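Dropping work_27.cif in here (mmCIF, C-alpha atoms):
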```
data_upload
#
loop_
_atom_site.group_PDB
_atom_site.id
_atom_site.type_symbol
_atom_site.label_atom_id
_atom_site.label_comp_id
_atom_site.auth_asym_id
_atom_site.auth_seq_id
_atom_site.Cartn_x
_atom_site.Cartn_y
_atom_site.Cartn_z
ATOM 1 C CA MET A 19 -57.364 -161.695 -221.741
ATOM 2 C CA ALA A 20 -57.468 -160.193 -218.240
ATOM 3 C CA GLY A 21 -58.804 -163.478 -216.823
ATOM 4 C CA LEU A 22 -55.973 -165.403 -218.484
ATOM 5 C CA LEU A 23 -53.364 -163.095 -216.965
ATOM 6 C CA ARG A 24 -55.088 -163.208 -213.573
ATOM 7 C CA ARG A 25 -55.027 -167.028 -213.560
ATOM 8 C CA ALA A 26 -51.411 -167.098 -214.762
ATOM 9 C CA VAL A 27 -50.384 -164.897 -211.814
ATOM 10 C CA ALA A 28 -52.661 -166.453 -209.184
ATOM 11 C CA ARG A 29 -51.888 -170.099 -209.867
ATOM 12 C CA PRO A 30 -48.191 -170.012 -208.774
ATOM 13 C CA LEU A 31 -49.088 -167.962 -205.701
ATOM 14 C CA ALA A 32 -51.704 -170.526 -204.678
ATOM 15 C CA ALA A 33 -49.131 -173.337 -204.989
ATOM 16 C CA LEU A 34 -46.584 -171.691 -202.681
ATOM 17 C CA PRO A 35 -46.404 -173.068 -199.123
ATOM 18 C CA LYS A 36 -47.777 -170.645 -196.572
ATOM 19 C CA ARG A 37 -45.288 -168.617 -194.569
ATOM 20 C CA GLY A 38 -44.858 -170.093 -191.121
ATOM 21 C CA GLY A 39 -46.324 -173.415 -192.219
ATOM 22 C CA ASP A 40 -49.839 -174.558 -192.867
ATOM 23 C CA VAL A 41 -51.899 -175.636 -189.861
ATOM 24 C CA THR A 42 -53.337 -178.549 -191.819
ATOM 25 C CA GLN A 43 -50.073 -179.618 -193.465
ATOM 26 C CA GLY A 44 -47.568 -178.779 -190.733
ATOM 27 C CA PRO A 45 -44.003 -177.584 -191.332
ATOM 28 C CA VAL A 46 -42.629 -177.834 -194.856
ATOM 29 C CA LYS A 47 -40.098 -180.651 -195.261
ATOM 30 C CA PRO A 48 -38.110 -180.087 -198.468
ATOM 31 C CA ILE A 49 -37.222 -183.737 -199.144
ATOM 32 C CA GLY A 50 -39.116 -186.997 -199.137
ATOM 33 C CA PRO A 51 -38.169 -190.259 -197.416
ATOM 34 C CA ASN A 52 -36.332 -191.667 -200.441
ATOM 35 C CA PHE A 53 -34.738 -188.459 -201.750
ATOM 36 C CA PRO A 54 -32.900 -188.204 -204.166
ATOM 37 C CA LEU A 55 -34.173 -191.525 -205.484
ATOM 38 C CA THR A 56 -37.422 -191.616 -207.387
ATOM 39 C CA SER A 57 -39.825 -194.119 -208.910
ATOM 40 C CA GLU A 58 -38.221 -197.443 -209.825
ATOM 41 C CA LYS A 59 -40.811 -197.827 -212.545
ATOM 42 C CA THR A 60 -39.565 -194.643 -214.152
ATOM 43 C CA MET A 61 -35.822 -194.765 -213.500
ATOM 44 C CA GLY A 62 -35.183 -198.466 -212.895
ATOM 45 C CA PRO A 63 -34.001 -200.139 -209.667
ATOM 46 C CA HIS A 64 -31.716 -198.273 -207.273
ATOM 47 C CA GLY A 65 -28.934 -199.614 -205.116
ATOM 48 C CA TRP A 66 -25.765 -201.693 -205.190
ATOM 49 C CA MET A 67 -25.926 -204.592 -207.675
ATOM 50 C CA ARG A 68 -29.543 -203.739 -208.520
ATOM 51 C CA GLY A 69 -28.963 -201.948 -211.809
ATOM 52 C CA SER A 70 -29.806 -203.036 -215.320
ATOM 53 C CA TYR A 71 -26.651 -205.134 -215.652
ATOM 54 C CA THR A 72 -24.969 -207.657 -213.353
ATOM 55 C CA ILE A 73 -21.410 -208.941 -213.147
ATOM 56 C CA MET A 74 -22.553 -212.215 -211.598
ATOM 57 C CA SER A 75 -23.546 -213.870 -214.872
ATOM 58 C CA LEU A 76 -21.825 -213.902 -218.237
ATOM 59 C CA LYS A 77 -24.697 -215.757 -219.898
ATOM 60 C CA ASN A 78 -27.479 -213.404 -218.767
ATOM 61 C CA PRO A 79 -25.936 -210.066 -217.724
ATOM 62 C CA ILE A 80 -29.042 -207.957 -218.402
ATOM 63 C CA VAL A 81 -31.336 -208.297 -215.399
ATOM 64 C CA GLY A 82 -33.409 -205.138 -215.544
ATOM 65 C CA PRO A 83 -34.768 -202.535 -217.891
ATOM 66 C CA LEU A 84 -32.264 -200.921 -220.183
ATOM 67 C CA TYR A 85 -31.249 -197.373 -219.423
ATOM 68 C CA ARG A 86 -33.727 -195.016 -221.054
ATOM 69 C CA PRO A 87 -32.388 -191.491 -221.432
ATOM 70 C CA PRO A 88 -34.798 -188.566 -221.303
ATOM 71 C CA TRP A 89 -34.451 -187.843 -225.011
ATOM 72 C CA VAL A 90 -35.829 -191.346 -225.676
ATOM 73 C CA VAL A 91 -38.471 -191.580 -222.969
ATOM 74 C CA GLY A 92 -39.325 -187.887 -222.970
ATOM 75 C CA GLY A 93 -38.460 -187.070 -219.368
ATOM 76 C CA ILE A 94 -40.283 -187.954 -216.163
ATOM 77 C CA HIS A 95 -43.992 -187.587 -216.814
ATOM 78 C CA ASN A 96 -44.992 -188.020 -213.187
ATOM 79 C CA PRO A 97 -42.421 -186.051 -211.157
ATOM 80 C CA THR A 98 -41.973 -187.068 -207.530
ATOM 81 C CA ILE A 99 -40.112 -183.930 -206.392
ATOM 82 C CA ASP A 100 -42.097 -180.727 -206.050
ATOM 83 C CA PRO A 101 -39.624 -177.911 -206.841
ATOM 84 C CA VAL A 102 -41.628 -175.285 -204.940
ATOM 85 C CA LYS A 103 -41.615 -177.400 -201.783
ATOM 86 C CA HIS A 104 -38.089 -178.680 -202.345
ATOM 87 C CA PHE A 105 -36.476 -175.234 -202.599
ATOM 88 C CA ASN A 106 -38.518 -173.769 -199.749
ATOM 89 C CA THR A 107 -36.134 -173.183 -196.829
ATOM 90 C CA GLN A 108 -38.399 -171.927 -194.072
ATOM 91 C CA HIS A 109 -38.477 -175.158 -191.998
ATOM 92 C CA ARG A 110 -35.370 -176.898 -193.281
ATOM 93 C CA PHE A 111 -33.507 -176.890 -189.970
ATOM 94 C CA ALA A 112 -36.557 -178.043 -188.041
ATOM 95 C CA THR A 113 -37.595 -180.901 -190.336
ATOM 96 C CA VAL A 114 -34.373 -182.314 -191.818
ATOM 97 C CA THR A 115 -32.266 -184.508 -189.532
ATOM 98 C CA PHE A 116 -28.478 -184.484 -189.397
ATOM 99 C CA ALA A 117 -28.360 -187.898 -191.069
ATOM 100 C CA GLU A 118 -30.444 -186.571 -193.952
ATOM 101 C CA TYR A 119 -28.110 -183.589 -194.263
ATOM 102 C CA VAL A 120 -25.136 -185.968 -194.484
ATOM 103 C CA LYS A 121 -26.940 -188.166 -197.014
ATOM 104 C CA CYS A 122 -27.726 -185.174 -199.237
ATOM 105 C CA PHE A 123 -24.153 -183.900 -198.915
ATOM 106 C CA ILE A 124 -22.706 -187.268 -199.973
ATOM 107 C CA TYR A 125 -25.156 -187.565 -202.870
ATOM 108 C CA ALA A 126 -24.016 -184.129 -204.037
ATOM 109 C CA LEU A 127 -20.401 -185.372 -203.991
ATOM 110 C CA LEU A 128 -21.094 -188.420 -206.168
ATOM 111 C CA PRO A 129 -20.291 -186.647 -209.453
ATOM 112 C CA ALA A 130 -16.977 -185.491 -207.950
ATOM 113 C CA ARG A 131 -15.675 -188.999 -207.214
ATOM 114 C CA THR A 132 -13.191 -188.855 -210.075
ATOM 115 C CA GLN A 133 -11.864 -185.456 -209.038
ATOM 116 C CA LEU A 134 -11.546 -186.583 -205.420
ATOM 117 C CA PHE A 135 -9.555 -189.645 -206.496
ATOM 118 C CA MET A 136 -7.376 -187.513 -208.784
ATOM 119 C CA VAL A 137 -6.395 -185.441 -205.751
ATOM 120 C CA GLY A 138 -6.488 -188.196 -203.135
ATOM 121 C CA VAL A 139 -4.364 -190.866 -204.848
ATOM 122 C CA PRO A 140 -1.265 -188.663 -205.395
ATOM 123 C CA VAL A 141 -1.595 -187.229 -201.883
ATOM 124 C CA MET A 142 -1.811 -190.736 -200.411
ATOM 125 C CA CYS A 143 1.226 -191.822 -202.455
ATOM 126 C CA VAL A 144 3.271 -188.892 -201.140
ATOM 127 C CA LEU A 145 2.103 -189.520 -197.571
ATOM 128 C CA PHE A 146 2.946 -193.220 -197.902
ATOM 129 C CA VAL A 147 6.495 -192.460 -199.044
ATOM 130 C CA THR A 148 6.830 -189.872 -196.270
ATOM 131 C CA TRP A 149 5.615 -192.374 -193.671
ATOM 132 C CA LEU A 150 7.972 -195.025 -195.047
ATOM 133 C CA GLU A 151 10.976 -192.720 -194.984
ATOM 134 C CA GLN A 152 10.202 -191.444 -191.480
ATOM 135 C CA ARG A 153 10.570 -194.994 -190.220
ATOM 136 C CA ARG A 154 14.138 -195.105 -191.522
ATOM 137 C CA GLU A 155 17.210 -193.539 -190.032
ATOM 138 C CA PRO A 156 17.837 -190.101 -191.544
ATOM 139 C CA MET A 157 20.912 -189.603 -193.686
ATOM 140 C CA GLU A 158 23.949 -187.915 -192.200
ATOM 141 C CA ILE A 159 24.174 -184.650 -194.091
ATOM 142 C CA PHE A 160 27.151 -183.241 -192.178
ATOM 143 C CA MET A 161 30.074 -184.988 -190.531
ATOM 144 C CA ASP A 162 33.093 -183.902 -188.547
ATOM 145 C CA ARG A 163 35.893 -182.492 -190.691
ATOM 146 C CA GLU A 164 38.572 -184.590 -188.969
ATOM 147 C CA GLU A 165 36.597 -187.797 -189.581
ATOM 148 C CA TYR A 166 36.026 -186.904 -193.240
ATOM 149 C CA TRP A 167 39.702 -186.237 -193.965
ATOM 150 C CA LYS A 168 40.807 -189.583 -192.516
ATOM 151 C CA ASP A 169 39.595 -191.222 -195.758
ATOM 152 C CA PRO A 170 38.327 -188.535 -198.164
ATOM 153 C CA ASN A 171 38.571 -190.733 -201.270
ATOM 154 C CA SER A 172 36.069 -193.226 -199.899
ATOM 155 C CA TYR A 173 33.598 -190.471 -199.137
ATOM 156 C CA MET A 174 34.124 -188.633 -202.433
ATOM 157 C CA TYR A 175 34.397 -191.544 -204.893
ATOM 158 C CA GLY A 176 33.245 -194.643 -203.017
ATOM 159 C CA VAL A 177 29.634 -194.388 -204.176
ATOM 160 C CA TYR A 178 30.762 -194.601 -207.841
ATOM 161 C CA PHE A 179 32.800 -197.784 -207.382
ATOM 162 C CA ASP A 180 30.447 -199.806 -205.161
ATOM 163 C CA HIS A 181 27.304 -198.073 -203.952
ATOM 164 C CA HIS A 182 26.297 -201.107 -201.835
ATOM 165 C CA HIS A 183 29.571 -201.061 -199.945
ATOM 166 C CA PHE A 184 29.356 -197.268 -199.650
ATOM 167 C CA SER A 185 25.862 -197.511 -198.105
ATOM 168 C CA HIS A 186 27.043 -200.259 -195.759
ATOM 169 C CA MET A 187 30.019 -198.142 -194.716
ATOM 170 C CA LEU A 188 27.750 -195.212 -193.859
ATOM 171 C CA CYS A 189 25.407 -197.508 -191.894
ATOM 172 C CA HIS A 190 28.329 -198.700 -189.802
ATOM 173 C CA ARG A 191 29.557 -195.144 -189.348
ATOM 174 C CA ARG A 192 26.151 -193.992 -188.050
ATOM 175 C CA ALA A 193 25.894 -197.037 -185.779
ATOM 176 C CA HIS A 194 29.195 -196.221 -184.131
ATOM 177 C CA LYS A 195 28.487 -192.491 -184.075
ATOM 178 C CA TRP A 196 25.110 -192.826 -182.330
ATOM 179 C CA GLY A 197 26.118 -195.707 -180.071
ATOM 180 C CA TYR A 198 23.952 -198.601 -181.276
ATOM 181 C CA ALA A 199 26.688 -200.665 -182.932
ATOM 182 C CA GLY A 200 26.347 -204.348 -182.102
ATOM 183 C CA GLN A 201 22.655 -204.106 -181.257
ATOM 184 C CA ASP A 202 21.297 -204.557 -184.787
ATOM 185 C CA ILE A 203 21.931 -208.009 -186.226
ATOM 186 C CA THR A 204 21.340 -206.764 -189.786
ATOM 187 C CA LEU A 205 24.536 -204.728 -189.576
ATOM 188 C CA GLU A 206 26.609 -207.633 -188.275
ATOM 189 C CA GLY A 207 25.986 -210.235 -191.009
ATOM 190 C CA ASP A 208 27.327 -210.348 -194.528
ATOM 191 C CA HIS A 209 23.942 -209.428 -196.028
ATOM 192 C CA HIS A 210 23.787 -212.618 -198.116
ATOM 193 C CA HIS A 211 26.757 -211.651 -200.287
#
```

Same coordinates, now as structure tokens:
Amino acid sequence: MAGLLRRAVARPLAALPKRGGDVTQGPVKPIGPNFPLTSEKTMGPHGWMRGSYTIMSLKNPIVGPLYRPPWVVGGIHNPTIDPVKHFNTQHRFATVTFAEYVKCFIYALLPARTQLFMVGVPVMCVLFVTWLEQRREPMEIFMDREEYWKDPNSYMYGVYFDHHHFSHMLCHRRAHKWGYAGQDITLEGDHHH
């Protein structure tokens, strides 16, 4: 019994990378050259348009092995990632390049694509409307009292009778107020009426 316990304790300690690196093995690099991908024989082909199905053919859409979940296959019998080496952080900054850091960061974001789109699409819609409206002339919120009382009925009720004419009237008013009347041909024509 003592020998069994001794081996159970000693075996994990013997598998740990040595502190400071092993002279024969060099610094510990936590990821391999194709991380996080693994054996194509085990998991099927990786990459764009290299999966089990293709959209290029309706007659023969299955071009690779079918997806085999772990509860059918029984998991990966020959693991390619050593967890002890992978989670060892002693030489991570010395052995992992910036490009590999970026690659790992993007792979970690892959499950969050839906959440990123759920936030990004409404934000882009709001920014698009904001950008569109900033290109237009702002509305005149206040106007001089004397100018308003020259024709108060048009300003108070004009939008209810003919909102196109009301908008055109305000465009002309702003053009004369800010001094660009006559310079914009769209204000001079009859607007295809």

Quick one, how far is CA of Ala193 in chain A from CA of Gln152 in chain A? 17.6 Å

Two-atom distance - CA of Pro48 in chain A, CA of Lys103 in chain A (Å): 5.5 Å

If I take CA of His182 in chain A and CA of Met157 in chain A, how far is one from the other in Å, to one decimal? 15.1 Å

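Evaluated on this file, the PyMOL selection byres ((chain A and resi 85) around 9) matches A:Met61, A:Gly62, A:Ser70, A:Gly82, A:Pro83, A:Leu84, A:Arg86, A:Pro87.
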
Could you save those same residues with C-alpha atoms as a PDB file, in the frame of the given file?
```pdb
ATOM      1  CA  MET A  61     -35.822-194.765-213.500  1.00  0.00           C
ATOM      2  CA  GLY A  62     -35.183-198.466-212.895  1.00  0.00           C
ATOM      3  CA  SER A  70     -29.806-203.036-215.320  1.00  0.00           C
ATOM      4  CA  GLY A  82     -33.409-205.138-215.544  1.00  0.00           C
ATOM      5  CA  PRO A  83     -34.768-202.535-217.891  1.00  0.00           C
ATOM      6  CA  LEU A  84     -32.264-200.921-220.183  1.00  0.00           C
ATOM      7  CA  ARG A  86     -33.727-195.016-221.054  1.00  0.00           C
ATOM      8  CA  PRO A  87     -32.388-191.491-221.432  1.00  0.00           C
TER       9      PRO A  87
END
```

Would you mind listing what lies within 12 Å of Lys195 in chain A as a list in words, with all atoms listed in the file counted and same-chain residues fewer than 3 positions away left out? Glu158, Met161, Asp162, Glu165, Leu188, Cys189, His190, Arg191, Arg192, Tyr198 and Ala199 of chain A

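For the choices A:Thr98, A:Gln201, A:Ser172, A:Gln108, the atom-to-atom distance to Val46 in chain A is smallest for A:Gln108 when using all atoms listed in the file.
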